[in-house]
file coords-v9.cif (mmCIF, C-alpha atoms)
data_my_file
#
loop_
_atom_site.label_atom_id
_atom_site.label_comp_id
_atom_site.auth_asym_id
_atom_site.auth_seq_id
_atom_site.Cartn_x
_atom_site.Cartn_y
_atom_site.Cartn_z
CA MET Y 280 4.25 -4.82 -15.17
CA PRO Y 281 3.79 -6.35 -11.70
CA ILE Y 282 6.30 -5.47 -9.00
CA ASP Y 283 8.24 -8.28 -7.32
CA PRO Y 284 6.74 -8.80 -3.84
CA ASP Y 285 8.70 -7.54 -0.84
CA THR Y 286 9.30 -10.62 1.29
CA LYS Y 287 11.81 -9.10 3.72
CA ASN Y 288 11.23 -9.20 7.46
CA TRP Y 289 11.73 -5.55 8.36
CA THR Y 290 11.68 -6.04 12.16
CA TRP Y 291 15.44 -5.36 12.22
CA VAL Y 292 14.52 -1.64 12.01
CA LEU Y 293 13.77 -1.88 15.73
CA GLU Y 294 17.47 -2.48 16.42
CA ARG Y 295 19.42 -0.22 14.07
CA ALA Y 296 19.23 2.56 11.54
CA CYS Y 297 18.02 1.77 8.05
CA PRO Y 298 21.00 1.77 5.68
CA ASP Y 299 18.81 3.20 2.90
CA CYS Y 300 16.74 6.00 4.40
CA GLY Y 301 18.90 6.50 7.51
CA PHE Y 302 15.97 6.52 9.92
CA ASP Y 303 16.71 4.89 13.27
CA SER Y 304 13.53 3.61 14.94
CA SER Y 305 15.54 2.40 17.92
CA ALA Y 306 16.49 5.99 18.74
CA VAL Y 307 12.96 7.39 18.64
CA ASP Y 308 11.05 8.13 21.83
CA TYR Y 309 7.49 6.80 21.78
CA ASP Y 310 6.07 10.21 22.66
CA ASP Y 311 7.66 11.69 19.51
CA ILE Y 312 5.96 9.26 17.12
CA PRO Y 313 2.60 11.06 16.86
CA ASP Y 314 4.38 14.26 15.80
CA LEU Y 315 6.50 12.34 13.28
CA ILE Y 316 3.30 10.94 11.77
CA ARG Y 317 1.71 14.39 11.61
CA ALA Y 318 4.81 15.91 9.98
CA ASP Y 319 4.75 13.28 7.25
CA VAL Y 320 1.22 14.22 6.16
CA GLU Y 321 2.40 17.51 4.62
CA ARG Y 322 5.31 15.79 2.90
CA TRP Y 323 3.03 13.16 1.35
CA ASP Y 324 0.59 15.86 0.28
CA ALA Y 325 3.42 17.56 -1.64
CA VAL Y 326 4.44 14.26 -3.25
CA LEU Y 327 0.88 13.63 -4.39
CA ARG Y 328 0.75 17.02 -6.16
CA ARG Y 329 3.65 16.12 -8.46
CA ASP Y 330 2.94 15.95 -12.18
CA ASP Y 331 4.70 12.58 -12.42
CA VAL Y 332 3.02 11.06 -9.34
CA ALA Y 333 1.60 8.07 -11.25
CA LEU Y 334 4.72 7.25 -13.25
CA ARG Y 335 6.90 4.36 -12.20
CA PRO Y 336 10.60 5.25 -12.29
CA ASP Y 337 11.32 1.79 -13.68
CA ASP Y 338 9.59 -1.54 -14.16
CA SER Y 339 10.46 -2.82 -10.69
CA THR Y 340 9.55 0.22 -8.56
CA TRP Y 341 6.19 1.58 -7.47
CA SER Y 342 5.17 5.07 -8.49
CA ALA Y 343 4.88 7.77 -5.84
CA LEU Y 344 1.10 7.32 -6.05
CA GLU Y 345 1.40 3.60 -5.33
CA TYR Y 346 3.72 4.26 -2.38
CA ALA Y 347 1.32 6.85 -1.01
CA ALA Y 348 -1.66 4.49 -1.30
CA HIS Y 349 0.41 1.86 0.49
CA VAL Y 350 1.29 4.31 3.28
CA ARG Y 351 -2.37 5.27 3.62
CA ASP Y 352 -3.25 1.60 4.02
CA ALA Y 353 -0.37 1.03 6.44
CA HIS Y 354 -1.78 3.80 8.65
CA ARG Y 355 -5.12 2.00 8.62
CA ILE Y 356 -3.63 -1.45 9.26
CA PHE Y 357 -1.53 -0.25 12.19
CA ARG Y 358 -4.48 1.59 13.68
CA THR Y 359 -6.38 -1.70 13.63
CA ARG Y 360 -3.39 -3.51 15.15
CA LEU Y 361 -3.05 -0.92 17.90
CA GLU Y 362 -6.75 -1.26 18.71
CA LEU Y 363 -6.37 -5.05 18.92
CA VAL Y 364 -3.38 -4.81 21.25
CA LEU Y 365 -5.20 -2.41 23.54
CA ASN Y 366 -8.43 -4.41 23.65
CA GLU Y 367 -7.35 -8.06 23.49
CA ASP Y 368 -4.74 -10.12 25.28
CA ASP Y 369 -1.81 -10.83 22.97
CA PRO Y 370 -3.81 -10.87 19.71
CA GLU Y 371 -2.46 -12.33 16.50
CA PHE Y 372 -2.63 -9.81 13.69
CA ALA Y 373 -4.28 -10.74 10.44
CA ASN Y 374 -1.75 -11.13 7.67
CA TRP Y 375 -1.54 -8.23 5.25
CA ASP Y 376 -0.13 -8.82 1.80
CA GLN Y 377 0.79 -5.31 0.74
CA ASP Y 378 1.59 -6.38 -2.80
CA ALA Y 379 -1.74 -8.17 -3.29
CA THR Y 380 -3.50 -5.12 -1.86
CA ALA Y 381 -1.72 -2.85 -4.35
CA VAL Y 382 -3.07 -4.97 -7.19
CA SER Y 383 -6.56 -5.64 -5.82
CA GLU Y 384 -7.09 -1.97 -4.87
CA ASN Y 385 -5.61 -0.81 -8.18
CA TYR Y 386 -3.18 1.64 -6.60
CA THR Y 387 -1.97 2.71 -10.04
CA GLU Y 388 -5.35 4.17 -10.96
CA GLN Y 389 -6.30 5.90 -7.72
CA ASN Y 390 -6.94 9.63 -7.64
CA PRO Y 391 -3.92 11.41 -6.08
CA ALA Y 392 -6.09 14.05 -4.38
CA ALA Y 393 -8.30 11.37 -2.84
CA VAL Y 394 -5.25 9.40 -1.71
CA ALA Y 395 -3.82 12.57 -0.14
CA ALA Y 396 -7.03 13.23 1.80
CA GLU Y 397 -7.40 9.60 2.90
CA LEU Y 398 -3.73 9.31 3.83
CA GLY Y 399 -4.01 12.48 5.90
CA ASP Y 400 -7.14 11.32 7.69
CA ALA Y 401 -5.68 7.89 8.42
CA ALA Y 402 -2.35 9.31 9.58
CA LEU Y 403 -3.90 11.87 11.92
CA ALA Y 404 -6.25 9.27 13.41
CA LEU Y 405 -3.32 6.93 14.07
CA ALA Y 406 -1.21 9.75 15.51
CA ASP Y 407 -4.04 10.62 17.89
CA ASP Y 408 -4.46 6.96 18.85
CA PHE Y 409 -0.75 6.51 19.63
CA ALA Y 410 -0.74 9.78 21.60
CA ALA Y 411 -3.72 8.63 23.67
CA VAL Y 412 -2.08 5.41 24.92
CA PRO Y 413 -1.12 5.94 28.56
CA PRO Y 414 2.36 4.77 29.61
CA GLU Y 415 0.94 1.94 31.71
CA LYS Y 416 -0.63 0.34 28.60
CA ARG Y 417 2.38 0.59 26.31
CA HIS Y 418 3.68 -2.81 27.44
CA ARG Y 419 0.61 -4.61 26.00
CA THR Y 420 1.52 -7.01 23.22
CA GLY Y 421 0.37 -8.47 19.93
CA ARG Y 422 2.05 -10.66 17.34
CA ARG Y 423 2.26 -11.48 13.71
CA SER Y 424 1.68 -14.99 12.44
CA ASP Y 425 5.42 -15.27 11.70
CA GLY Y 426 6.11 -15.11 15.44
CA SER Y 427 7.25 -11.47 15.61
CA ASN Y 428 6.03 -9.98 18.89
CA PHE Y 429 5.32 -6.31 19.44
CA SER Y 430 4.51 -4.15 22.42
CA VAL Y 431 2.59 -0.94 21.78
CA GLU Y 432 5.95 0.87 21.89
CA SER Y 433 7.74 -1.46 19.48
CA LEU Y 434 4.69 -1.55 17.18
CA ALA Y 435 4.84 2.25 16.94
CA ALA Y 436 8.61 2.26 16.36
CA TYR Y 437 8.34 -0.47 13.72
CA TYR Y 438 5.47 1.28 11.98
CA ILE Y 439 6.99 4.79 11.85
CA HIS Y 440 9.88 3.60 9.73
CA ASP Y 441 7.45 2.70 6.93
CA PRO Y 442 6.06 6.13 5.98
CA ILE Y 443 9.45 7.78 6.52
CA HIS Y 444 11.24 5.16 4.43
CA HIS Y 445 8.73 5.46 1.64
CA LEU Y 446 9.17 9.23 1.54
CA TRP Y 447 12.84 8.42 0.95
CA ASP Y 448 11.75 6.02 -1.81
CA VAL Y 449 9.89 8.80 -3.62
CA ARG Y 450 12.38 11.59 -3.02
CA GLY Y 451 12.58 13.77 -6.05
#

call {"tool": "encode", "arguments": {"input": "coords-v9.cif", "output": "C-alpha cells"}}
result
Amino acid sequence: MPIDPDTKNWTWVLERACPDCGFDSSAVDYDDIPDLIRADVERWDAVLRRDDVALRPDDSTWSALEYAAHVRDAHRIFRTRLELVLNEDDPEFANWDQDATAVSENYTEQNPAAVAAELGDAALALADDFAAVPPEKRHRTGRRSDGSNFSVESLAAYYIHDPIHHLWDVRG
C-alpha cells in the first residue's frame, strides 16, 4: 500500500526542538554536525541488521529499510546541495520528491546490507564535506523553490534533524 506523501515544511526545526524525536537543531553547533552524522552510521547499521527490517509497522508507515534508504538518499541530496552552495552564488536546489523516489527506487525491495554500506559511505562523505567548510564560507546561501533560504550552517542544522528523527521513527 502506498504511503501518504509528507507535505510538511520542516524548516521549523531550525527554530525549536522537534516535539516527536526531541532533537533541537537550533541548539547544535555547526562543528558538532560531522560527528553527529558519523555516530548515526553505526545506529543505522544496527537497524538494518534487524530481522523485521523490511516490515512496515502499519499501512501508513515506512519500514525501517525504507527509512534507511531515504536517509541514504538524503545524505546524497544534501551533499549535492552543499556543493552547489559552495560553488555557485545563491543556487536554487532541484526539487526532491522523497515519496516518489521511494517508489521509483523500490525502497521496499532493496538489500539491507547494500543500503547499510551505501548509507555509511554517503554519510561519511557528507560529514567530511561539512567538516571541510571553513568558517568564512559558512555564510554562503542556497534556496529551495518554495522560497526557503539556507546558509551552509542552517542547511547542516536542517539536514541533521532528518537522520536523527528517522532513527526515532524506527526505534525498536

call {"tool": "atom_distance", "arguments": {"input": "coords-v9.cif", "atom1": "atom CA of Glu397 of chain Y", "atom2": "atom CA of Asp319 of chain Y"}}
result
13.4 Å

call {"tool": "atom_distance", "arguments": {"input": "coords-v9.cif", "atom1": "atom CA of Asn366 of chain Y", "atom2": "atom CA of Ser424 of chain Y"}}
result
18.4 Å

call {"tool": "resolve_selection", "arguments": {"input": "coords-v9.cif", "expression": "the PyMOL selection byres ((chain Y and resi 316) around 9)", "output": "list of chain:residue names"}}
result
Y:Asp311, Y:Ile312, Y:Pro313, Y:Asp314, Y:Leu315, Y:Arg317, Y:Ala318, Y:Asp319, Y:Val320, Y:Ala402, Y:Leu403, Y:Leu405, Y:Ala406, Y:Ile439, Y:Pro442, Y:Ile443

call {"tool": "closest_residue", "arguments": {"input": "coords-v9.cif", "among": "Y:Phe372, Y:Trp291, Y:Phe409, Y:Trp447", "to": "Ser305 of chain Y", "atoms": "only C-alpha atoms"}}
result
Y:Trp291

call {"tool": "atom_distance", "arguments": {"input": "coords-v9.cif", "atom1": "atom CA of His444 of chain Y", "atom2": "atom CA of Glu321 of chain Y"}}
result
15.2 Å

call {"tool": "residues_around", "arguments": {"input": "coords-v9.cif", "residues": "Asp448 of chain Y", "least_positions_apart": "6", "cutoff": "12 Å", "atoms": "only C-alpha atoms", "output": "PyMOL selection string"}}
result
chain Y and resi 299-301+323+326+335-336+340-347+350+440-442

call {"tool": "closest_residue", "arguments": {"input": "coords-v9.cif", "among": "Y:Asp352, Y:Glu415, Y:Asp369, Y:Glu432", "to": "Ala381 of chain Y", "atoms": "all atoms listed in the file"}}
result
Y:Asp352

call {"tool": "closest_residue", "arguments": {"input": "coords-v9.cif", "among": "Y:Val364, Y:Leu334, Y:Ala348, Y:Ala296", "to": "Gln389 of chain Y", "atoms": "all atoms listed in the file"}}
result
Y:Ala348

call {"tool": "closest_residue", "arguments": {"input": "coords-v9.cif", "among": "Y:Arg329, Y:Arg322, Y:Arg360, Y:Arg355", "to": "Thr420 of chain Y", "atoms": "all atoms listed in the file"}}
result
Y:Arg360

call {"tool": "closest_residue", "arguments": {"input": "coords-v9.cif", "among": "Y:Glu294, Y:Asp324, Y:Glu388, Y:Asp310", "to": "Ala435 of chain Y", "atoms": "only C-alpha atoms"}}
result
Y:Asp310

call {"tool": "decode", "arguments": {"input": "coords-v9.cif", "residues": "segment 293-319 of chain Y", "atoms": "N, CA and C atoms", "output": "PDB file, in the first residue's frame"}}
result
ATOM      1  N   LEU Y 293      14.647  24.423  12.550  1.00  0.00           N
ATOM      2  CA  LEU Y 293      15.764  25.350  12.759  1.00  0.00           C
ATOM      3  C   LEU Y 293      15.531  26.283  13.942  1.00  0.00           C
ATOM      4  N   GLU Y 294      14.297  26.334  14.432  1.00  0.00           N
ATOM      5  CA  GLU Y 294      13.935  27.281  15.488  1.00  0.00           C
ATOM      6  C   GLU Y 294      13.636  26.648  16.839  1.00  0.00           C
ATOM      7  N   ARG Y 295      13.272  25.369  16.851  1.00  0.00           N
ATOM      8  CA  ARG Y 295      12.874  24.748  18.116  1.00  0.00           C
ATOM      9  C   ARG Y 295      13.039  23.231  18.041  1.00  0.00           C
ATOM     10  N   ALA Y 296      12.984  22.628  19.206  1.00  0.00           N
ATOM     11  CA  ALA Y 296      13.113  21.177  19.291  1.00  0.00           C
ATOM     12  C   ALA Y 296      11.922  20.488  18.639  1.00  0.00           C
ATOM     13  N   CYS Y 297      12.179  19.338  18.080  1.00  0.00           N
ATOM     14  CA  CYS Y 297      11.122  18.525  17.479  1.00  0.00           C
ATOM     15  C   CYS Y 297      10.296  17.905  18.607  1.00  0.00           C
ATOM     16  N   PRO Y 298       8.975  18.082  18.563  1.00  0.00           N
ATOM     17  CA  PRO Y 298       8.152  17.515  19.630  1.00  0.00           C
ATOM     18  C   PRO Y 298       8.092  15.984  19.591  1.00  0.00           C
ATOM     19  N   ASP Y 299       8.461  15.379  18.481  1.00  0.00           N
ATOM     20  CA  ASP Y 299       8.440  13.925  18.379  1.00  0.00           C
ATOM     21  C   ASP Y 299       9.754  13.318  18.861  1.00  0.00           C
ATOM     22  N   CYS Y 300      10.829  13.598  18.157  1.00  0.00           N
ATOM     23  CA  CYS Y 300      12.115  12.971  18.476  1.00  0.00           C
ATOM     24  C   CYS Y 300      12.890  13.708  19.560  1.00  0.00           C
ATOM     25  N   GLY Y 301      12.540  14.970  19.808  1.00  0.00           N
ATOM     26  CA  GLY Y 301      13.204  15.753  20.847  1.00  0.00           C
ATOM     27  C   GLY Y 301      14.478  16.445  20.405  1.00  0.00           C
ATOM     28  N   PHE Y 302      14.940  16.175  19.198  1.00  0.00           N
ATOM     29  CA  PHE Y 302      16.190  16.791  18.744  1.00  0.00           C
ATOM     30  C   PHE Y 302      15.977  18.276  18.484  1.00  0.00           C
ATOM     31  N   ASP Y 303      16.943  19.084  18.914  1.00  0.00           N
ATOM     32  CA  ASP Y 303      16.864  20.534  18.768  1.00  0.00           C
ATOM     33  C   ASP Y 303      18.005  21.016  17.879  1.00  0.00           C
ATOM     34  N   SER Y 304      17.726  21.170  16.592  1.00  0.00           N
ATOM     35  CA  SER Y 304      18.735  21.639  15.638  1.00  0.00           C
ATOM     36  C   SER Y 304      19.249  23.025  15.976  1.00  0.00           C
ATOM     37  N   SER Y 305      18.388  23.846  16.576  1.00  0.00           N
ATOM     38  CA  SER Y 305      18.791  25.217  16.888  1.00  0.00           C
ATOM     39  C   SER Y 305      19.859  25.267  17.976  1.00  0.00           C
ATOM     40  N   ALA Y 306      20.012  24.192  18.722  1.00  0.00           N
ATOM     41  CA  ALA Y 306      20.980  24.163  19.816  1.00  0.00           C
ATOM     42  C   ALA Y 306      22.289  23.477  19.432  1.00  0.00           C
ATOM     43  N   VAL Y 307      22.390  23.035  18.186  1.00  0.00           N
ATOM     44  CA  VAL Y 307      23.575  22.300  17.748  1.00  0.00           C
ATOM     45  C   VAL Y 307      24.601  23.251  17.140  1.00  0.00           C
ATOM     46  N   ASP Y 308      25.836  23.097  17.545  1.00  0.00           N
ATOM     47  CA  ASP Y 308      26.937  23.859  16.970  1.00  0.00           C
ATOM     48  C   ASP Y 308      27.333  23.215  15.636  1.00  0.00           C
ATOM     49  N   TYR Y 309      27.573  24.038  14.640  1.00  0.00           N
ATOM     50  CA  TYR Y 309      27.922  23.532  13.314  1.00  0.00           C
ATOM     51  C   TYR Y 309      29.068  22.524  13.380  1.00  0.00           C
ATOM     52  N   ASP Y 310      30.077  22.817  14.166  1.00  0.00           N
ATOM     53  CA  ASP Y 310      31.251  21.942  14.222  1.00  0.00           C
ATOM     54  C   ASP Y 310      30.951  20.572  14.815  1.00  0.00           C
ATOM     55  N   ASP Y 311      29.806  20.404  15.460  1.00  0.00           N
ATOM     56  CA  ASP Y 311      29.417  19.109  16.014  1.00  0.00           C
ATOM     57  C   ASP Y 311      28.664  18.237  15.008  1.00  0.00           C
ATOM     58  N   ILE Y 312      28.191  18.829  13.937  1.00  0.00           N
ATOM     59  CA  ILE Y 312      27.356  18.092  12.985  1.00  0.00           C
ATOM     60  C   ILE Y 312      28.092  16.939  12.311  1.00  0.00           C
ATOM     61  N   PRO Y 313      29.335  17.099  11.867  1.00  0.00           N
ATOM     62  CA  PRO Y 313      30.006  15.936  11.266  1.00  0.00           C
ATOM     63  C   PRO Y 313      30.074  14.730  12.208  1.00  0.00           C
ATOM     64  N   ASP Y 314      30.326  14.968  13.488  1.00  0.00           N
ATOM     65  CA  ASP Y 314      30.381  13.846  14.439  1.00  0.00           C
ATOM     66  C   ASP Y 314      29.001  13.245  14.677  1.00  0.00           C
ATOM     67  N   LEU Y 315      27.958  14.067  14.652  1.00  0.00           N
ATOM     68  CA  LEU Y 315      26.603  13.530  14.775  1.00  0.00           C
ATOM     69  C   LEU Y 315      26.276  12.624  13.595  1.00  0.00           C
ATOM     70  N   ILE Y 316      26.693  13.027  12.405  1.00  0.00           N
ATOM     71  CA  ILE Y 316      26.469  12.210  11.210  1.00  0.00           C
ATOM     72  C   ILE Y 316      27.204  10.879  11.354  1.00  0.00           C
ATOM     73  N   ARG Y 317      28.466  10.955  11.759  1.00  0.00           N
ATOM     74  CA  ARG Y 317      29.273   9.727  11.887  1.00  0.00           C
ATOM     75  C   ARG Y 317      28.683   8.783  12.936  1.00  0.00           C
ATOM     76  N   ALA Y 318      28.196   9.322  14.032  1.00  0.00           N
ATOM     77  CA  ALA Y 318      27.619   8.495  15.100  1.00  0.00           C
ATOM     78  C   ALA Y 318      26.363   7.767  14.623  1.00  0.00           C
ATOM     79  N   ASP Y 319      25.618   8.400  13.742  1.00  0.00           N
ATOM     80  CA  ASP Y 319      24.390   7.781  13.244  1.00  0.00           C
ATOM     81  C   ASP Y 319      24.645   6.576  12.349  1.00  0.00           C
TER      82      ASP Y 319
END
